[in-house]
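This is input.txt (compact mmCIF, C-alpha atoms and all ligand atoms).
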```
# COMPACT_ATOMS: atom_id res chain seq x y z
CA MET A 1 106.12 -37.12 -22.34
CA ALA A 2 103.75 -39.22 -20.24
CA ASP A 3 103.79 -42.97 -20.80
CA THR A 4 100.17 -43.49 -21.74
CA SER A 5 100.67 -47.15 -22.57
CA LYS A 6 100.50 -47.95 -18.85
CA VAL A 7 97.01 -46.55 -18.43
CA THR A 8 94.73 -49.45 -17.71
CA SER A 9 91.32 -49.76 -19.23
CA ASN A 10 88.15 -49.98 -17.23
CA LEU A 11 87.35 -53.64 -16.65
CA SER A 12 84.33 -54.02 -14.43
CA ASN A 13 83.90 -56.99 -12.16
CA THR A 14 82.42 -59.58 -14.47
CA THR A 15 81.92 -63.18 -13.37
CA GLY A 16 85.27 -64.88 -13.05
CA GLY A 17 87.10 -61.65 -13.88
CA SER A 18 89.14 -59.46 -11.60
CA ARG A 19 88.49 -55.79 -10.89
CA ASP A 20 91.16 -53.75 -12.57
CA THR A 21 90.11 -50.11 -12.28
CA PRO A 22 86.96 -49.30 -10.32
CA SER A 23 86.25 -45.95 -11.96
CA PRO A 24 84.23 -45.73 -15.17
CA PRO A 25 86.08 -44.82 -18.37
CA PRO A 26 86.30 -41.08 -19.06
CA PHE A 27 83.63 -39.60 -21.31
CA LEU A 28 84.61 -36.61 -23.44
CA THR A 29 82.04 -34.23 -24.89
CA ASN A 30 82.56 -32.64 -28.32
CA GLU A 31 83.85 -29.48 -26.61
CA GLU A 32 86.42 -31.49 -24.63
CA VAL A 33 87.38 -33.53 -27.68
CA LYS A 34 88.08 -30.32 -29.61
CA ARG A 35 90.63 -29.19 -27.03
CA HIS A 36 92.71 -32.28 -27.78
CA LEU A 37 92.63 -32.04 -31.59
CA HIS A 38 95.63 -30.51 -33.37
CA TRP A 39 96.24 -30.43 -37.13
CA ASN A 40 99.98 -30.88 -36.64
CA THR A 41 99.52 -34.35 -35.16
CA LEU A 42 96.33 -35.34 -36.96
CA VAL A 43 97.47 -34.77 -40.55
CA PRO A 44 100.76 -36.74 -40.30
CA ALA A 45 98.96 -39.55 -38.45
CA THR A 46 96.39 -39.66 -41.27
CA GLU A 47 99.15 -39.87 -43.87
CA THR A 48 100.71 -42.77 -41.96
CA LEU A 49 97.30 -44.45 -41.78
CA PHE A 50 96.79 -44.04 -45.55
CA ALA A 51 100.24 -45.53 -46.16
CA ASN A 52 99.54 -48.49 -43.84
CA VAL A 53 96.12 -49.14 -45.43
CA SER A 54 97.89 -49.44 -48.78
CA ARG A 55 100.35 -52.04 -47.50
CA HIS A 56 97.38 -54.48 -47.35
CA ASN A 57 99.02 -56.66 -44.73
CA GLU A 58 96.72 -56.44 -41.70
CA LEU A 59 98.54 -53.43 -40.27
CA VAL A 60 95.08 -51.92 -40.49
CA ILE A 61 92.00 -54.06 -39.90
CA GLN A 62 88.83 -52.29 -40.94
CA PRO A 63 86.10 -54.50 -42.35
CA PRO A 64 83.50 -53.01 -44.69
CA ARG A 65 81.46 -50.68 -42.55
CA LEU A 66 77.85 -51.45 -41.81
CA ILE A 67 75.63 -48.84 -43.47
CA MET A 68 72.01 -49.00 -42.39
CA PRO A 69 69.79 -46.62 -44.40
CA ILE A 70 66.74 -45.30 -42.55
CA SER A 71 64.65 -44.17 -45.50
CA GLN A 72 61.73 -42.97 -43.36
CA GLN A 73 64.05 -40.38 -41.80
CA ASN A 74 66.17 -39.60 -44.86
CA ALA A 75 69.03 -40.84 -42.69
CA ALA A 76 71.59 -43.59 -42.13
CA LEU A 77 73.51 -45.22 -39.29
CA LEU A 78 77.04 -46.47 -39.86
CA CYS A 79 79.12 -48.75 -37.64
CA MET A 80 82.87 -48.44 -38.19
CA PRO A 81 85.28 -50.63 -36.19
CA ALA A 82 89.05 -50.58 -36.75
CA TYR A 83 92.24 -52.02 -35.29
CA LEU A 84 95.62 -50.40 -35.97
CA ALA A 85 98.36 -52.93 -35.26
CA GLU A 86 101.27 -50.46 -35.25
CA ASP A 87 99.79 -48.54 -32.31
CA ASN A 88 97.69 -51.38 -30.83
CA VAL A 89 94.62 -49.15 -31.18
CA LEU A 90 91.14 -50.66 -31.18
CA ALA A 91 88.11 -48.40 -31.67
CA CYS A 92 84.63 -48.31 -33.04
CA LYS A 93 82.60 -45.34 -34.22
CA VAL A 94 78.84 -45.42 -34.52
CA VAL A 95 77.73 -42.44 -36.59
CA THR A 96 74.39 -41.20 -37.82
CA SER A 97 73.70 -38.92 -40.74
CA PHE A 98 70.33 -37.17 -40.48
CA ARG A 99 70.32 -34.70 -43.34
CA ASN A 100 67.23 -32.84 -42.12
CA ASN A 101 68.81 -32.05 -38.75
CA ALA A 102 69.71 -28.47 -39.73
CA ALA A 103 66.03 -27.56 -39.34
CA LEU A 104 66.26 -28.84 -35.74
CA GLY A 105 69.40 -26.84 -35.02
CA LEU A 106 71.44 -30.05 -34.76
CA PRO A 107 74.50 -31.20 -36.72
CA SER A 108 73.66 -33.66 -39.51
CA ILE A 109 76.47 -35.95 -38.37
CA LEU A 110 76.25 -37.22 -34.79
CA ALA A 111 78.55 -39.92 -33.52
CA THR A 112 80.05 -41.77 -30.59
CA VAL A 113 83.54 -43.26 -30.59
CA ILE A 114 84.62 -45.97 -28.16
CA LEU A 115 88.36 -46.44 -27.68
CA PHE A 116 89.26 -49.88 -26.35
CA ASP A 117 92.41 -51.27 -24.81
CA GLY A 118 94.01 -53.05 -27.74
CA SER A 119 95.45 -55.74 -25.45
CA ASN A 120 92.42 -56.75 -23.43
CA GLY A 121 89.33 -55.18 -25.02
CA GLY A 122 88.44 -53.06 -21.99
CA THR A 123 86.96 -49.62 -22.61
CA LYS A 124 89.56 -46.86 -22.24
CA MET A 125 87.51 -43.84 -23.24
CA ILE A 126 84.16 -42.89 -24.73
CA MET A 127 83.96 -39.73 -26.82
CA GLU A 128 81.30 -37.79 -28.61
CA GLY A 129 82.25 -38.25 -32.24
CA THR A 130 80.94 -35.25 -34.16
CA GLU A 131 84.13 -33.19 -33.81
CA ILE A 132 86.21 -36.31 -34.42
CA THR A 133 84.36 -36.91 -37.69
CA THR A 134 84.57 -33.26 -38.66
CA TRP A 135 88.31 -32.92 -38.06
CA ARG A 136 89.47 -36.29 -39.32
CA THR A 137 87.57 -35.85 -42.59
CA ALA A 138 89.26 -32.50 -43.24
CA ALA A 139 92.61 -34.00 -42.19
CA ALA A 140 92.08 -36.76 -44.77
CA SER A 141 91.45 -34.13 -47.47
CA VAL A 142 94.57 -32.20 -46.45
CA ALA A 143 96.66 -35.40 -46.45
CA ALA A 144 95.29 -36.33 -49.89
CA THR A 145 95.81 -32.83 -51.30
CA LYS A 146 99.40 -32.71 -49.99
CA ASN A 147 100.18 -35.90 -51.90
CA LEU A 148 98.05 -35.52 -55.04
CA PHE A 149 97.99 -31.85 -56.02
CA ARG A 150 101.03 -31.07 -58.14
CA ARG A 151 101.24 -27.34 -57.38
CA ILE A 152 101.01 -27.65 -53.63
CA LYS A 153 103.97 -25.34 -53.08
CA ASP A 154 102.39 -22.55 -55.18
CA LYS A 155 101.43 -19.31 -53.52
CA ASP A 156 98.02 -17.67 -53.79
CA LEU A 157 95.89 -20.69 -54.60
CA VAL A 158 92.16 -20.33 -55.23
CA LEU A 159 89.93 -22.67 -53.22
CA ALA A 160 86.29 -23.32 -54.17
CA ILE A 161 83.98 -24.97 -51.66
CA MET A 162 80.61 -26.38 -52.65
CA GLY A 163 78.47 -26.46 -49.52
CA SER A 164 78.40 -24.23 -46.47
CA GLY A 165 77.85 -26.66 -43.59
CA VAL A 166 80.14 -28.19 -41.00
CA GLN A 167 82.53 -29.86 -43.46
CA ALA A 168 82.69 -26.78 -45.66
CA HIS A 169 83.73 -24.67 -42.67
CA ILE A 170 86.37 -27.05 -41.29
CA HIS A 171 87.84 -27.62 -44.76
CA ALA A 172 88.22 -23.86 -45.21
CA GLN A 173 90.02 -23.63 -41.86
CA ALA A 174 92.23 -26.67 -42.46
CA PHE A 175 93.19 -25.60 -46.00
CA MET A 176 94.06 -22.08 -44.82
CA SER A 177 96.35 -23.61 -42.17
CA TYR A 178 98.14 -25.87 -44.65
CA PHE A 179 98.24 -24.16 -48.02
CA SER A 180 98.76 -20.66 -49.39
CA ILE A 181 95.16 -19.67 -50.16
CA LYS A 182 94.41 -16.22 -51.52
CA GLU A 183 90.68 -16.63 -52.11
CA ILE A 184 87.88 -18.94 -50.99
CA ARG A 185 84.85 -19.08 -53.30
CA ILE A 186 81.74 -20.59 -51.79
CA TRP A 187 78.62 -21.92 -53.46
CA ASN A 188 75.66 -23.38 -51.64
CA HIS A 189 72.26 -24.50 -52.89
CA ARG A 190 70.81 -21.94 -50.50
CA PHE A 191 72.73 -18.75 -51.21
CA ALA A 192 72.16 -17.46 -47.67
CA GLY A 193 74.23 -20.40 -46.41
CA ALA A 194 77.17 -19.38 -48.62
CA GLU A 195 76.86 -15.78 -47.42
CA ALA A 196 76.78 -16.85 -43.78
CA LEU A 197 79.90 -19.02 -44.11
CA CYS A 198 81.75 -16.18 -45.89
CA LYS A 199 80.91 -13.90 -42.99
CA ARG A 200 82.48 -16.40 -40.57
CA LEU A 201 85.60 -16.76 -42.71
CA GLY A 202 86.17 -13.05 -43.29
CA ASP A 203 87.46 -11.07 -46.27
CA ILE A 204 89.18 -14.03 -47.91
CA ALA A 205 85.80 -15.63 -48.73
CA LYS A 206 83.23 -14.70 -51.38
CA PRO A 207 79.79 -16.26 -52.02
CA PHE A 208 78.69 -17.28 -55.53
CA PRO A 209 75.13 -17.98 -56.64
CA ASP A 210 76.36 -19.83 -59.74
CA LYS A 211 78.22 -23.15 -59.46
CA GLU A 212 80.21 -22.82 -62.67
CA GLU A 213 81.36 -19.29 -61.88
CA CYS A 214 82.39 -20.45 -58.43
CA VAL A 215 84.47 -23.40 -59.62
CA LYS A 216 86.05 -22.17 -62.88
CA PRO A 217 89.17 -20.38 -61.58
CA ALA A 218 89.73 -22.79 -58.68
CA ASP A 219 92.98 -24.68 -58.16
CA LEU A 220 91.53 -26.66 -55.27
CA ILE A 221 87.90 -27.72 -54.88
CA VAL A 222 86.03 -29.28 -51.98
CA THR A 223 82.52 -30.68 -52.39
CA ALA A 224 80.74 -31.17 -49.06
CA THR A 225 77.01 -31.31 -49.72
CA TYR A 226 74.06 -33.68 -49.66
CA SER A 227 73.39 -32.90 -53.32
CA PRO A 228 71.84 -35.81 -55.23
CA THR A 229 73.02 -34.31 -58.55
CA PRO A 230 76.48 -33.09 -59.65
CA VAL A 231 77.62 -29.75 -58.29
CA VAL A 232 80.85 -29.89 -60.31
CA HIS A 233 81.19 -30.68 -64.03
CA TYR A 234 84.44 -31.66 -65.70
CA ASP A 235 84.06 -29.01 -68.41
CA TRP A 236 84.26 -26.26 -65.80
CA LEU A 237 87.60 -27.35 -64.35
CA LYS A 238 91.12 -25.96 -64.73
CA SER A 239 93.27 -28.55 -66.47
CA ASP A 240 95.19 -29.50 -63.31
CA ALA A 241 92.63 -28.75 -60.60
CA HIS A 242 92.43 -31.03 -57.57
CA ILE A 243 89.03 -32.00 -56.12
CA ASN A 244 88.30 -33.42 -52.69
CA ALA A 245 84.85 -35.01 -53.02
CA VAL A 246 83.63 -35.43 -49.47
CA GLY A 247 79.82 -35.38 -49.49
CA PHE A 248 77.29 -38.13 -49.91
CA GLY A 249 74.09 -37.29 -51.81
CA VAL A 250 72.38 -40.36 -53.22
CA SER A 251 75.83 -41.96 -53.30
CA HIS A 252 79.42 -40.96 -52.59
CA HIS A 253 79.85 -40.03 -56.22
CA SER A 254 76.76 -37.95 -56.83
CA GLU A 255 78.53 -34.58 -56.39
CA LEU A 256 80.74 -34.92 -59.48
CA ASP A 257 79.56 -35.65 -63.02
CA GLU A 258 80.52 -38.96 -64.60
CA ASN A 259 82.85 -37.22 -67.03
CA THR A 260 85.02 -36.12 -64.11
CA TYR A 261 85.39 -39.71 -62.91
CA ARG A 262 86.14 -40.88 -66.46
CA LYS A 263 88.69 -38.21 -67.34
CA ALA A 264 90.42 -37.43 -64.04
CA SER A 265 92.86 -39.56 -62.03
CA VAL A 266 90.71 -40.82 -59.17
CA PHE A 267 92.20 -41.60 -55.75
CA VAL A 268 90.49 -43.09 -52.71
CA ASP A 269 91.29 -43.66 -49.06
CA SER A 270 90.63 -47.40 -49.35
CA LEU A 271 90.21 -49.68 -52.37
CA ASP A 272 88.22 -52.16 -50.27
CA GLY A 273 85.85 -49.33 -49.34
CA ALA A 274 85.65 -48.17 -52.95
CA LYS A 275 84.71 -51.63 -54.22
CA GLN A 276 81.77 -51.64 -51.81
CA GLU A 277 80.71 -48.02 -51.82
CA LEU A 278 81.60 -46.92 -55.36
CA LYS A 279 80.32 -50.16 -56.84
CA SER A 280 78.65 -48.66 -59.89
CA LEU A 281 81.75 -46.62 -60.81
CA HIS A 282 83.92 -49.69 -60.20
CA GLU A 283 81.68 -51.80 -62.43
CA ALA A 284 81.73 -49.06 -65.08
CA GLY A 285 85.49 -49.54 -65.30
CA ILE A 286 86.62 -46.40 -63.45
CA LYS A 287 90.09 -47.01 -62.02
CA PHE A 288 90.81 -46.02 -58.43
CA THR A 289 94.21 -45.67 -56.81
CA GLU A 290 94.82 -45.44 -53.07
CA VAL A 291 96.36 -42.22 -51.77
CA GLY A 292 98.52 -44.45 -49.56
CA ALA A 293 100.05 -46.09 -52.63
CA VAL A 294 101.23 -42.64 -53.75
CA ILE A 295 102.62 -41.97 -50.27
CA ASN A 296 104.38 -45.37 -50.33
CA GLY A 297 105.78 -44.66 -53.79
CA THR A 298 104.15 -47.70 -55.46
CA GLU A 299 101.87 -45.48 -57.58
CA ARG A 300 102.28 -41.93 -58.76
CA VAL A 301 100.22 -38.98 -59.80
CA PRO A 302 100.43 -38.64 -63.61
CA PRO A 303 103.16 -36.01 -63.92
CA ASN A 304 101.97 -34.24 -67.05
CA GLY A 305 98.84 -32.60 -65.79
CA GLY A 306 95.21 -33.59 -65.65
CA VAL A 307 92.57 -33.25 -62.98
CA THR A 308 93.01 -35.26 -59.77
CA VAL A 309 90.15 -36.34 -57.52
CA PHE A 310 90.32 -37.54 -53.95
CA GLN A 311 87.06 -39.41 -53.44
CA SER A 312 86.76 -39.44 -49.67
CA LEU A 313 84.73 -42.34 -48.29
CA GLY A 314 85.73 -42.19 -44.63
CA MET A 315 87.41 -45.06 -42.80
CA GLY A 316 87.13 -46.46 -39.28
CA GLY A 317 90.92 -46.22 -39.08
CA GLU A 318 90.70 -42.42 -39.31
CA ASP A 319 88.44 -42.34 -36.28
CA ALA A 320 90.63 -44.83 -34.41
CA ILE A 321 93.86 -42.86 -34.94
CA THR A 322 92.09 -39.63 -34.02
CA ALA A 323 90.69 -41.19 -30.84
CA LYS A 324 94.18 -42.38 -29.91
CA LEU A 325 95.65 -38.90 -30.38
CA ILE A 326 92.88 -37.41 -28.25
CA PHE A 327 93.43 -40.00 -25.52
CA ASN A 328 97.19 -39.41 -25.49
CA ASP A 329 96.74 -35.63 -25.32
CA TYR A 330 94.12 -36.00 -22.58
CA MET A 331 96.46 -38.20 -20.50
CA LYS A 332 99.37 -35.82 -21.04
CA HIS A 333 97.34 -32.92 -19.68
CA LYS A 334 95.96 -35.03 -16.83
CA ASN A 335 99.44 -36.12 -15.77
CA GLN A 336 100.55 -32.49 -15.86
CA GLY A 337 97.65 -31.69 -13.53
CA LYS A 338 95.93 -29.44 -16.09
N1 LIG B 1 83.71 -38.54 -46.54
C1 LIG B 1 83.58 -38.52 -45.23
O1 LIG B 1 84.39 -39.09 -44.50
C2 LIG B 1 82.46 -37.76 -44.62
C3 LIG B 1 81.47 -37.27 -45.41
N2 LIG B 1 80.47 -36.52 -44.87
C4 LIG B 1 79.47 -36.00 -45.78
O2 LIG B 1 79.78 -34.64 -46.07
C5 LIG B 1 78.60 -33.92 -46.39
C6 LIG B 1 78.52 -32.66 -45.55
O3 LIG B 1 78.44 -33.00 -44.19
P1 LIG B 1 78.25 -31.84 -43.10
O4 LIG B 1 78.96 -30.64 -43.54
O5 LIG B 1 78.55 -32.43 -41.79
O6 LIG B 1 76.67 -31.58 -43.22
P2 LIG B 1 75.90 -30.19 -43.06
O7 LIG B 1 74.49 -30.54 -42.84
O8 LIG B 1 76.57 -29.34 -42.06
O9 LIG B 1 76.07 -29.51 -44.48
C7 LIG B 1 75.40 -30.04 -45.60
C8 LIG B 1 75.54 -29.10 -46.77
O10 LIG B 1 74.84 -29.66 -47.87
C9 LIG B 1 73.90 -28.69 -48.37
N3 LIG B 1 72.76 -29.42 -48.93
C10 LIG B 1 71.76 -30.04 -48.28
N4 LIG B 1 70.89 -30.58 -49.14
C11 LIG B 1 71.37 -30.28 -50.38
C12 LIG B 1 70.89 -30.53 -51.70
N5 LIG B 1 69.79 -31.24 -51.91
N6 LIG B 1 71.62 -30.05 -52.74
C13 LIG B 1 72.75 -29.35 -52.53
N7 LIG B 1 73.24 -29.08 -51.30
C14 LIG B 1 72.55 -29.54 -50.25
C15 LIG B 1 73.54 -27.85 -47.18
O11 LIG B 1 73.01 -26.60 -47.57
C16 LIG B 1 74.92 -27.73 -46.52
O12 LIG B 1 75.69 -26.75 -47.16
C17 LIG B 1 77.45 -34.89 -46.15
O13 LIG B 1 77.08 -35.47 -47.39
C18 LIG B 1 78.06 -35.94 -45.24
O14 LIG B 1 77.42 -37.18 -45.34
C19 LIG B 1 80.46 -36.21 -43.55
C20 LIG B 1 81.41 -36.71 -42.71
C21 LIG B 1 82.46 -37.57 -43.17
O1 LIG B 2 83.06 -41.70 -42.50
C1 LIG B 2 82.12 -41.17 -41.90
O2 LIG B 2 82.14 -40.94 -40.70
C2 LIG B 2 80.91 -40.82 -42.69
N1 LIG B 2 80.94 -41.05 -43.94
C3 LIG B 2 79.86 -40.86 -44.85
C4 LIG B 2 78.74 -40.07 -44.26
C5 LIG B 2 78.55 -40.21 -42.82
C6 LIG B 2 79.79 -40.20 -42.01
```
Could I get this structure in the form of structure tokens?
Ligand SMILES: NC(=O)C1=CN([C@@H]2O[C@H](COP(=O)(O)OP(=O)(O)OC[C@H]3O[C@@H](n4cnc5c(N)ncnc54)[C@H](O)[C@@H]3O)[C@@H](O)[C@H]2O)C=CC1
Ligand SMILES: O=C(O)C1=NCCCC1
Amino acid sequence: MADTSKVTSNLSNTTGGSRDTPSPPPFLTNEEVKRHLHWNTLVPATETLFANVSRHNELVIQPPRLIMPISQQNAALLCMPAYLAEDNVLACKVVTSFRNNAALGLPSILATVILFDGSNGGTKMIMEGTEITTWRTAAASVAATKNLFRRIKDKDLVLAIMGSGVQAHIHAQAFMSYFSIKEIRIWNHRFAGAEALCKRLGDIAKPFPDKEECVKPADLIVTATYSPTPVVHYDWLKSDAHINAVGFGVSHHSELDENTYRKASVFVDSLDGAKQELKSLHEAGIKFTEVGAVINGTERVPPNGGVTVFQSLGMGGEDAITAKLIFNDYMKHKNQGK
């Protein structure tokens, strides 16, 4: 395995500084990024990240992210820096969410990730960040599901996905790779979207015009929409269903009804993030537990049934660890002359 720690960053000749590497840092497009993404490294790295976040001891530095709403465009820009001490990884993602982009033939989520040298701050690599965001978000849901859903070893699970966009598609792919899924039920607010995604996924997938019908028999549920109102109601759920709530409508928690948050066991990627971004639920007394605390064994999933929710917020650390894996894979291939 190539020793990537020796790769110097690009430090240009600033006043009083010395020239380290004259060439500019590599820039990877989304297509190139995709070639270096692998579930089998990404999911375990995400689980380790979750565990480290929950140790709350500066192993992971990720301040509250800056969220700048752009109301005129029905959009937002987020700035998400992170430092991971264990791997000496420093990165920052700047991501935009323009929910009307579909009409322009563009992804709603566009991003750039800068990977820095953790020892000197020089830029090591710049990457388009749409695929990074897509993959790392699904990896977070897989990592959460692995640790929260009690029947994870069961065969022939039923997966329901609310939404038919980028996240809906990647979640279907990731969940089929990790779990024994016999059926994928898809609902979308525009039925044609659900039909189109089913076509891409093949015989395993079936579109549903009705939300309740779609969700009712599901063991696993993913919500990945911009819906401002709930697309899942507690009364529809199997008694031990697991939900990964990924989308952001008017808030992170607009896809599930309040009853779900009140009656289910609710897990998050980061408590610090939840206090900021799930403020109204927090103030209403809803209890959140970090997935990492379950991985570390300091908290547990209630053993005797009940619905579990992974409320995905998204963390800079997820982008940082993904960028590091991409960089390492890129250097490995480069050193092999590929
Ligand atoms: N938790 C996290 O870390 C991340 C969350 N997201 C969020 O996930 C969601 C999906 O993102 P993408 O799949 O990339 O976007 P996308 O644009 O590809 O898909 C959006 C989906 O929402 C549906 N939708 C749009 N307006 C709707 C409405 N008013 N009611 C119901 N459904 C509606 C669309 O038909 C489509 O199925 C977004 O809310 C996005 O902000 C995205 C990336 C990371
Ligand atoms: O974590 C992210 O990246 C995002 N989270 C919420 C919506 C935009 C992207």
If the limit is 8 Å from any atom of ligand LIG 1 (chain B), counting all atoms listed in the file, which residues qualify? Return them as a VMD selection string. chain A and resid 97 99 to 102 107 to 109 133 to 134 136 to 137 162 to 169 188 to 190 193 to 194 223 to 229 231 245 to 249 252 311 to 315
Atomic separation - atom CA of A:His333 relative to atom CA of A:Gly316, Å: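 Atom-to-atom, atom CA of A:Gly316 to atom CA of A:His333, that is 25.9 Å.
Nearest residue to A:Lys93 among A:Thr48, A:Thr322, A:Gln72, A:Thr41 is A:Thr322, counting all atoms listed in the file.
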Let me make sure I understand: among A:Ala160, A:Leu148, A:Lys124, A:His36, which one has the smallest atom-to-atom distance to A:Glu290 if we use all atoms listed in the file? A:Leu148
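Near (80.5, -36.4, -57.7), the residues inside the 8 Å limit, counting only C-alpha atoms, come to Thr229, Pro230, Val231, Val232, Ala245, His252, His253, Ser254, Glu255, Leu256, Asp257, Glu258, Thr260 and Tyr261 of chain A.
Checking A:Thr46, A:Gln62, A:Asn259, A:Asn328 one by one against A:Gly273, counting only C-alpha atoms, you find the shortest gap at A:Gln62.
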List as a VMD selection string the protein and nucleic acid residues near A:Ala293, meaning an atom at most 9 Å away when all atoms listed in the file are counted, but skip any in the same chain fewer than 6 places from it. chain A and resid 50 to 51 53 to 55 299 to 300
Let me see the file: selected residues, C-alpha atoms, as a short mmCIF file (atom, residue, chain, number, x, y, z; two decimals), keeping the file's coordinate frame.
```
data_model
loop_
_atom_site.label_atom_id
_atom_site.label_comp_id
_atom_site.auth_asym_id
_atom_site.auth_seq_id
_atom_site.Cartn_x
_atom_site.Cartn_y
_atom_site.Cartn_z
CA PHE A 50 96.79 -44.04 -45.55
CA ALA A 51 100.24 -45.53 -46.16
CA VAL A 53 96.12 -49.14 -45.43
CA SER A 54 97.89 -49.44 -48.78
CA ARG A 55 100.35 -52.04 -47.50
CA GLU A 299 101.87 -45.48 -57.58
CA ARG A 300 102.28 -41.93 -58.76
#
```
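Of the listed residues (A:Asp87, A:Glu128, A:Glu277, A:Asp235), A:Asp235 comes nearest to A:Glu212; the distances count all atoms listed in the file.
Using all atoms listed in the file for every distance, the candidate list A:Val158, A:Ile295, A:Leu49, A:Leu28 yields A:Val158 as the residue closest to A:Ala241.
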Hey, what's within 10 Å of A:Lys182 if we count only C-alpha atoms and toss same-chain stuff fewer than 6 positions away? As a list in words, please?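 Here the answer would be Lys155, Asp156, Leu157, Val158, Leu159, Met176, Ile204 and Ala205 of chain A.
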To one decimal place, how far is atom CA of A:Ser23 from atom CA of A:Asp329 in Å?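 Here the two named atoms are 19.9 Å from each other.
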Just the number, please: distance in Å from atom CA of A:Thr130 to atom CA of A:Thr112, one decimal.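 Answer for the atom CA of A:Thr130 to atom CA of A:Thr112 separation: 7.5 Å.
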Which one of A:Asn40, A:Asn57, A:Ser270, A:Thr29 sits closest to ligand LIG 2 (chain B) if you count all atoms listed in the file?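 Answer, going by the shortest atom-to-atom distance: A:Ser270.
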For A:Phe208, work out the shell of residues within 7 Å, counting only C-alpha atoms and skipping chain neighbours fewer than 2 positions away, then give it as a PyMOL selection string. chain A and resi 185-187+206+210+214
Stretch 112-129 of chain A rebuilt with N, CA and C atoms, output as a short mmCIF file (atom, residue, chain, number, x, y, z; two decimals), keeping the file's coordinate frame:
```cif
data_model
loop_
_atom_site.label_atom_id
_atom_site.label_comp_id
_atom_site.auth_asym_id
_atom_site.auth_seq_id
_atom_site.Cartn_x
_atom_site.Cartn_y
_atom_site.Cartn_z
N THR A 112 79.37 -41.40 -31.83
CA THR A 112 80.05 -41.77 -30.59
C THR A 112 81.22 -42.67 -30.96
N VAL A 113 82.37 -42.42 -30.33
CA VAL A 113 83.54 -43.26 -30.59
C VAL A 113 83.94 -43.93 -29.28
N ILE A 114 84.12 -45.23 -29.33
CA ILE A 114 84.62 -45.97 -28.16
C ILE A 114 86.05 -46.39 -28.47
N LEU A 115 86.97 -46.02 -27.55
CA LEU A 115 88.36 -46.44 -27.68
C LEU A 115 88.58 -47.58 -26.68
N PHE A 116 89.04 -48.70 -27.20
CA PHE A 116 89.26 -49.88 -26.35
C PHE A 116 90.75 -50.05 -26.06
N ASP A 117 91.03 -50.85 -25.04
CA ASP A 117 92.41 -51.27 -24.81
C ASP A 117 92.71 -52.36 -25.83
N GLY A 118 93.71 -52.11 -26.66
CA GLY A 118 94.01 -53.05 -27.74
C GLY A 118 94.53 -54.39 -27.25
N SER A 119 94.91 -54.48 -25.96
CA SER A 119 95.45 -55.74 -25.45
C SER A 119 94.44 -56.58 -24.71
N ASN A 120 93.37 -55.93 -24.19
CA ASN A 120 92.42 -56.75 -23.43
C ASN A 120 90.95 -56.44 -23.74
N GLY A 121 90.72 -55.45 -24.61
CA GLY A 121 89.33 -55.18 -25.02
C GLY A 121 88.55 -54.32 -24.06
N GLY A 122 89.15 -53.94 -22.94
CA GLY A 122 88.44 -53.06 -21.99
C GLY A 122 88.24 -51.68 -22.59
N THR A 123 87.24 -50.96 -22.08
CA THR A 123 86.96 -49.62 -22.61
C THR A 123 87.89 -48.61 -21.96
N LYS A 124 88.63 -47.87 -22.78
CA LYS A 124 89.56 -46.86 -22.24
C LYS A 124 88.91 -45.49 -22.18
N MET A 125 88.10 -45.18 -23.18
CA MET A 125 87.51 -43.84 -23.24
C MET A 125 86.32 -43.86 -24.19
N ILE A 126 85.30 -43.07 -23.84
CA ILE A 126 84.16 -42.89 -24.73
C ILE A 126 84.11 -41.41 -25.10
N MET A 127 83.92 -41.13 -26.37
CA MET A 127 83.96 -39.73 -26.82
C MET A 127 82.78 -39.43 -27.72
N GLU A 128 82.23 -38.24 -27.57
CA GLU A 128 81.30 -37.79 -28.61
C GLU A 128 82.12 -37.72 -29.92
N GLY A 129 81.47 -38.07 -31.02
CA GLY A 129 82.25 -38.25 -32.24
C GLY A 129 82.00 -37.25 -33.35
#
```
